[in-house]
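Structure file query18.txt with compact mmCIF, C-alpha atoms:
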```txt
# COMPACT_ATOMS: atom_id res chain seq x y z
CA MET A 1066 15.31 0.82 21.25
CA GLU A 1067 14.16 1.22 17.67
CA THR A 1068 13.19 -1.43 15.16
CA THR A 1069 13.61 -1.38 11.38
CA ILE A 1070 12.66 -4.46 9.36
CA GLY A 1071 13.26 -5.21 5.68
CA LEU A 1072 12.08 -8.06 3.47
CA LEU A 1073 12.67 -8.92 -0.19
CA GLY A 1074 9.93 -10.53 -2.25
CA ASN A 1075 9.15 -11.35 -5.86
CA GLY A 1076 9.65 -8.00 -7.58
CA TYR A 1077 9.37 -5.83 -4.46
CA ALA A 1078 11.09 -4.85 -1.24
CA ILE A 1079 9.32 -3.94 2.00
CA VAL A 1080 10.81 -1.66 4.65
CA CYS A 1081 9.00 -1.33 7.98
CA ALA A 1082 9.88 0.81 11.01
CA ASP A 1083 8.37 1.72 14.35
CA GLN A 1084 7.27 5.34 14.69
CA ASN A 1085 8.52 6.15 18.20
CA ALA A 1086 10.84 9.15 18.50
CA ALA A 1087 12.57 8.72 21.85
CA ARG A 1088 15.73 9.45 23.80
CA SER A 1089 16.73 8.03 27.17
CA ILE A 1090 13.49 7.37 29.09
CA VAL A 1091 11.37 9.90 27.17
CA CYS A 1092 9.22 9.23 24.09
CA PHE A 1093 8.69 12.55 22.27
CA LYS A 1094 6.21 11.41 19.62
CA LYS A 1095 4.70 8.32 18.06
CA ASP A 1096 4.32 9.39 14.42
CA GLU A 1097 7.94 9.66 13.24
CA ASP A 1098 8.60 8.56 9.64
CA LYS A 1099 11.91 6.65 9.74
CA ILE A 1100 11.77 5.49 6.14
CA MET A 1101 13.15 8.10 3.74
CA LYS A 1102 12.29 8.24 0.06
CA LEU A 1103 15.61 8.70 -1.75
CA ASP A 1104 13.94 8.79 -5.16
CA ASP A 1105 10.96 7.16 -6.90
CA PHE A 1106 12.48 3.67 -6.60
CA LYS A 1107 14.57 3.66 -3.43
CA LEU A 1108 13.72 3.60 0.30
CA LEU A 1109 16.10 4.05 3.22
CA GLY A 1110 14.97 2.74 6.60
CA GLN A 1111 16.94 4.11 9.55
CA SER A 1112 17.55 3.46 13.23
CA GLY A 1113 20.01 4.92 15.69
CA VAL A 1114 20.68 8.39 17.10
CA GLY A 1115 18.01 10.76 15.80
CA ALA A 1116 20.35 13.57 14.79
CA ASP A 1117 22.68 11.21 12.91
CA ASN A 1118 19.74 9.52 11.20
CA VAL A 1119 18.41 12.81 9.88
CA ALA A 1120 21.80 14.30 8.98
CA PHE A 1121 23.12 11.26 7.15
CA THR A 1122 19.96 10.18 5.31
CA GLU A 1123 19.33 13.75 4.10
CA TYR A 1124 22.98 13.90 2.97
CA VAL A 1125 22.50 10.69 0.96
CA GLN A 1126 19.20 11.90 -0.51
CA LYS A 1127 20.61 15.27 -1.65
CA ASN A 1128 23.73 13.69 -3.14
CA ALA A 1129 21.65 11.13 -5.03
CA ARG A 1130 19.54 13.96 -6.46
CA ALA A 1131 22.64 15.97 -7.35
CA TYR A 1132 24.06 12.95 -9.19
CA LYS A 1133 20.86 12.64 -11.23
CA ILE A 1134 20.89 16.35 -12.12
CA ASN A 1135 24.58 16.29 -13.11
CA ASN A 1136 24.53 13.01 -15.03
CA GLY A 1137 20.97 12.66 -16.28
CA LEU A 1138 20.40 9.28 -14.67
CA SER A 1139 19.69 7.90 -11.21
CA LEU A 1140 22.02 5.79 -9.14
CA SER A 1141 21.07 2.11 -9.03
CA ALA A 1142 20.31 0.50 -5.67
CA LYS A 1143 23.73 -1.19 -5.76
CA ALA A 1144 25.52 2.08 -6.55
CA THR A 1145 23.57 3.86 -3.79
CA ASN A 1146 24.62 1.14 -1.36
CA ASN A 1147 28.26 1.56 -2.37
CA PHE A 1148 28.03 5.34 -1.95
CA ILE A 1149 26.48 4.98 1.52
CA ARG A 1150 29.06 2.41 2.60
CA GLY A 1151 31.95 4.54 1.34
CA ASP A 1152 30.79 7.65 3.17
CA LEU A 1153 30.09 5.77 6.41
CA ALA A 1154 33.59 4.24 6.19
CA THR A 1155 35.15 7.68 5.66
CA ALA A 1156 33.18 9.15 8.57
CA LEU A 1157 34.16 6.21 10.77
CA ARG A 1158 37.72 7.57 10.95
CA LYS A 1159 36.66 11.20 11.54
CA GLY A 1160 33.24 11.64 13.15
CA PRO A 1161 31.22 8.43 12.87
CA TYR A 1162 27.46 8.41 12.28
CA GLN A 1163 25.52 6.29 14.79
CA THR A 1164 23.01 5.14 12.21
CA ASN A 1165 21.96 1.71 10.92
CA LEU A 1166 20.22 1.46 7.57
CA LEU A 1167 18.12 -0.81 5.37
CA LEU A 1168 18.13 0.17 1.70
CA GLY A 1169 15.33 -1.19 -0.47
CA GLY A 1170 15.24 -0.45 -4.18
CA PHE A 1171 13.97 -1.49 -7.58
CA ASP A 1172 15.97 -1.22 -10.82
CA LYS A 1173 14.59 -1.93 -14.28
CA GLY A 1174 16.26 -4.99 -15.73
CA VAL A 1175 17.57 -6.05 -12.32
CA GLY A 1176 14.52 -6.16 -10.07
CA ALA A 1177 14.15 -5.51 -6.37
CA SER A 1178 17.02 -5.60 -3.89
CA LEU A 1179 17.61 -5.08 -0.18
CA TYR A 1180 20.84 -4.01 1.52
CA TYR A 1181 21.73 -4.22 5.22
CA ILE A 1182 24.15 -1.46 6.30
CA ASP A 1183 25.34 -0.81 9.85
CA TYR A 1184 27.12 2.10 11.52
CA MET A 1185 30.49 0.36 11.15
CA ALA A 1186 30.10 0.64 7.34
CA SER A 1187 29.62 -3.06 6.76
CA SER A 1188 27.12 -3.89 4.03
CA ASN A 1189 25.43 -7.01 2.72
CA LYS A 1190 22.81 -7.75 0.11
CA VAL A 1191 20.15 -9.72 1.99
CA ASN A 1192 16.73 -11.31 1.61
CA PHE A 1193 15.60 -9.95 4.97
CA GLY A 1194 17.11 -7.96 7.81
CA CYS A 1195 16.38 -6.11 11.02
CA HIS A 1196 18.10 -3.39 13.05
CA GLY A 1197 17.55 -2.66 16.73
CA HIS A 1198 16.78 -4.70 19.82
CA GLY A 1199 13.63 -5.90 18.07
CA SER A 1200 15.83 -8.16 15.95
CA ASN A 1201 16.04 -10.52 18.95
CA PHE A 1202 12.34 -11.24 18.44
CA VAL A 1203 11.79 -11.05 14.68
CA LEU A 1204 14.85 -12.59 13.03
CA SER A 1205 13.65 -16.09 13.93
CA ILE A 1206 10.26 -15.33 12.33
CA LEU A 1207 11.92 -13.97 9.18
CA ASP A 1208 14.27 -16.96 9.01
CA ARG A 1209 11.42 -19.43 9.39
CA GLU A 1210 8.84 -17.74 7.17
CA TRP A 1211 10.86 -16.25 4.31
CA THR A 1212 10.99 -18.24 1.07
CA GLU A 1213 12.09 -17.44 -2.46
CA GLY A 1214 9.48 -15.70 -4.63
CA LEU A 1215 7.14 -14.40 -1.93
CA ASP A 1216 4.16 -12.49 -3.33
CA GLU A 1217 3.16 -9.18 -1.77
CA ALA A 1218 0.40 -10.63 0.42
CA ALA A 1219 2.76 -13.27 1.86
CA GLY A 1220 5.46 -10.68 2.52
CA LEU A 1221 3.00 -8.43 4.33
CA ASP A 1222 1.78 -11.36 6.38
CA ILE A 1223 5.35 -11.99 7.60
CA ILE A 1224 5.83 -8.31 8.46
CA ASN A 1225 2.56 -8.30 10.41
CA LYS A 1226 3.69 -11.39 12.34
CA CYS A 1227 6.89 -9.53 13.26
CA ILE A 1228 4.91 -6.50 14.43
CA ALA A 1229 2.55 -8.68 16.48
CA GLU A 1230 5.52 -10.41 18.14
CA LEU A 1231 7.14 -7.08 19.06
CA GLN A 1232 3.91 -5.68 20.46
CA THR A 1233 3.42 -8.84 22.52
CA ARG A 1234 6.93 -9.63 23.77
CA PHE A 1235 9.14 -6.55 23.57
CA LEU A 1236 9.59 -4.47 26.72
CA ILE A 1237 9.50 -1.18 24.78
CA HIS A 1238 6.00 -0.04 23.79
CA MET A 1239 5.77 0.27 19.98
CA PRO A 1240 2.12 0.96 19.19
CA LYS A 1241 2.57 2.22 15.64
CA PHE A 1242 4.53 0.98 12.62
CA LEU A 1243 4.94 2.40 9.13
CA ILE A 1244 5.28 0.01 6.19
CA LYS A 1245 6.46 1.06 2.73
CA ILE A 1246 6.99 -0.98 -0.40
CA VAL A 1247 9.00 -0.32 -3.55
CA ASP A 1248 8.39 -2.18 -6.80
CA LYS A 1249 8.21 -1.54 -10.57
CA ASP A 1250 5.44 1.03 -9.99
CA GLY A 1251 7.42 3.06 -7.45
CA ILE A 1252 6.92 3.58 -3.72
CA ARG A 1253 3.71 3.04 -1.77
CA VAL A 1254 2.69 3.31 1.87
CA LEU A 1255 0.95 0.00 2.40
CA GLU A 1256 -0.13 0.11 6.00
CA GLN A 1257 -0.03 2.47 8.93
CA ASN A 1258 -1.22 0.95 12.16
CA PRO A 1259 -3.43 3.29 14.24
CA PRO A 1260 -1.76 4.37 17.50
CA VAL A 1261 -2.84 2.61 20.68
CA LEU A 1262 -3.83 5.35 23.14
CA LEU A 1263 -3.89 4.91 26.88
CA GLN A 1264 -7.12 5.66 28.69
CA GLY A 1265 -7.61 9.41 29.08
CA GLN A 1266 -5.37 10.36 26.10
```

What would the structure in this file look like if it were written as structure tokens?
Amino acid sequence: METTIGLLGNGYAIVCADQNAARSIVCFKKDEDKIMKLDDFKLLGQSGVGADNVAFTEYVQKNARAYKINNGLSLSAKATNNFIRGDLATALRKGPYQTNLLLGGFDKGVGASLYYIDYMASSNKVNFGCHGHGSNFVLSILDREWTEGLDEAAGLDIINKCIAELQTRFLIHMPKFLIKIVDKDGIRVLEQNPPVLLQGQ
């Protein structure tokens, strides 16, 4: 019942995720950050079982940092994607992680990129993607609205349309979304919707 959305634009990648932390019929909190900063130029959006999300994304983050310390250079977005896919595939035959990921990154000389990775260790380089039941509502918007060379304002407008659709149509209440962008200047938090509180809260 989580939603993670990614979109690739002209020189940037946006990753957006709802901030509900829930299990079964209980919502524990509404300020969860589901978009991990792997380094200064890579974001990893996550959805799935909370424990697996935390365990696997922290594992990826620490290994990426260890690689930089040992080799003096950072993994590219493509190399990070290959590392993630390889470890998910290995775990699939032992103790699989129930986590779905969107990797957004920026590499000098290459530009921005976005990778769609699921818990079965399949991976694709995409222009946009979405994990979770929310994809039933937003993939049509992304397919219709996305065009080559989107500027930042146009990309944000599409993301906001997706959020509005989810908050209007989706059965699960998602009052708050976190949006992060990565480009040549690094990572920024672009927008954090204020939570919608029920009367008396």

Wanna dump the stretch 1163-1199 of chain A-stretch 1075-1096 of chain A contacts at 10 Å for me, each residue with its shortest atom pair and the distance in Å to one decimal, counting all atoms listed in the file, ordered by chain and number, as a Markdown table?
```
| residue | atom | partner | partner_atom | distance |
| --- | --- | --- | --- | --- |
| A:Leu1167 | CA | A:Val1080 | CA | 7.4 |
| A:Leu1168 | CA | A:Val1080 | CA | 8.1 |
| A:Gly1169 | CA | A:Ala1078 | CA | 5.7 |
| A:Gly1170 | CA | A:Ala1078 | CA | 6.7 |
| A:Phe1171 | CA | A:Tyr1077 | CA | 7.1 |
| A:Asp1172 | CA | A:Gly1076 | CA | 9.8 |
| A:Val1175 | CA | A:Gly1076 | CA | 9.4 |
| A:Gly1176 | CA | A:Gly1076 | CA | 5.8 |
| A:Ala1177 | CA | A:Tyr1077 | CA | 5.2 |
| A:Ser1178 | CA | A:Ala1078 | CA | 6.5 |
| A:Leu1179 | CA | A:Ala1078 | CA | 6.6 |
| A:Asn1192 | CA | A:Ala1078 | CA | 9.0 |
| A:Phe1193 | CA | A:Ile1079 | CA | 9.2 |
| A:Gly1194 | CA | A:Val1080 | CA | 9.5 |
| A:Cys1195 | CA | A:Cys1081 | CA | 9.3 |
| A:His1196 | CA | A:Ala1082 | CA | 9.5 |
| A:Gly1199 | CA | A:Asp1083 | CA | 10.0 |
```

Could you turn the residues from that selection into a file that holds C-alpha atoms, as a PDB file, in the frame of the given file?
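Output below, filename selection.pdb:
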```
ATOM      1  CA  LEU A1167      18.120  -0.810   5.370  1.00  0.00           C
ATOM      2  CA  LEU A1168      18.130   0.170   1.700  1.00  0.00           C
ATOM      3  CA  GLY A1169      15.330  -1.190  -0.470  1.00  0.00           C
ATOM      4  CA  GLY A1170      15.240  -0.450  -4.180  1.00  0.00           C
ATOM      5  CA  PHE A1171      13.970  -1.490  -7.580  1.00  0.00           C
ATOM      6  CA  ASP A1172      15.970  -1.220 -10.820  1.00  0.00           C
ATOM      7  CA  VAL A1175      17.570  -6.050 -12.320  1.00  0.00           C
ATOM      8  CA  GLY A1176      14.520  -6.160 -10.070  1.00  0.00           C
ATOM      9  CA  ALA A1177      14.150  -5.510  -6.370  1.00  0.00           C
ATOM     10  CA  SER A1178      17.020  -5.600  -3.890  1.00  0.00           C
ATOM     11  CA  LEU A1179      17.610  -5.080  -0.180  1.00  0.00           C
ATOM     12  CA  ASN A1192      16.730 -11.310   1.610  1.00  0.00           C
ATOM     13  CA  PHE A1193      15.600  -9.950   4.970  1.00  0.00           C
ATOM     14  CA  GLY A1194      17.110  -7.960   7.810  1.00  0.00           C
ATOM     15  CA  CYS A1195      16.380  -6.110  11.020  1.00  0.00           C
ATOM     16  CA  HIS A1196      18.100  -3.390  13.050  1.00  0.00           C
ATOM     17  CA  GLY A1199      13.630  -5.900  18.070  1.00  0.00           C
TER      18      GLY A1199
END
```

Could you work out an axis-aligned box for stretch 1167-1180 of chain A, taking every atom the file lists and adding 4 Å on each side, and report centre and edge lengths in Å to one decimal, as lines of an AutoDock Vina configuration file?
```
center_x = 17.4
center_y = -3.0
center_z = -5.2
size_x = 14.9
size_y = 14.3
size_z = 29.1
```

Min atom-atom distance to A:Asp1152 from the set A:Asn1135, A:Asn1201, A:Asn1128, A:Gln1111, counting only C-alpha atoms, belongs to A:Asn1128

With distances taken over only C-alpha atoms, which residue among A:Leu1108, A:Leu1103, A:Val1114, A:Ala1156 lies nearest A:Ala1129?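 Of A:Leu1108, A:Leu1103, A:Val1114, A:Ala1156, the one nearest A:Ala1129, counting only C-alpha atoms, is A:Leu1103.
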
Which distance in Å separates atom CA of A:Leu1207 and atom CA of A:Gly1074, to one decimal? 12.1 Å

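Remark: for A:Ser1141, the closest of the candidate residues A:Gln1163, A:Gln1126, A:Ala1120, A:Lys1107 is A:Lys1107 (distances computed over all atoms listed in the file).
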
Write out as number ranges by chain the residues lying within 12 Å of A:Tyr1132, counting all atoms listed in the file and excluding same-chain residues fewer than 5 positions away. A: 1104, 1125-1127, 1137-1141, 1144-1145, 1148

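Closest to A:Leu1221 among A:Leu1166, A:Met1185, A:Val1254, A:Leu1153 is A:Val1254, based on all atoms listed in the file.
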
Rank A:Lys1249, A:Lys1133, A:Lys1099, A:His1198 by their smallest atom-to-atom distance to A:Arg1234, using only C-alpha atoms, and report the top residue only.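 The shortest atom-to-atom distance to A:Arg1234 comes from A:His1198.
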
Selected residue of minimal separation from A:Ala1218 among A:Leu1255, A:Gly1110, A:Gly1071, A:Ser1187, counting all atoms listed in the file: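 The shortest atom-to-atom distance to A:Ala1218 comes from A:Leu1255.
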
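The coordinates place atom CA of A:Thr1068 at 6.8 Å from atom CA of A:Ser1112.
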
Give me the residues near A:Asp1208 as JSON, numbers by chain, where near means some atom within 12 Å (using only C-alpha atoms) and where sequence neighbours in that chain fewer than 2 positions away do not count. {"A": [1072, 1191, 1192, 1193, 1194, 1195, 1200, 1201, 1202, 1203, 1204, 1205, 1206, 1210, 1211, 1212, 1213, 1223, 1227]}

Point-to-point distance from atom CA of A:Met1101 to atom CA of A:Val1119, Å rounded to tenths: 9.4 Å
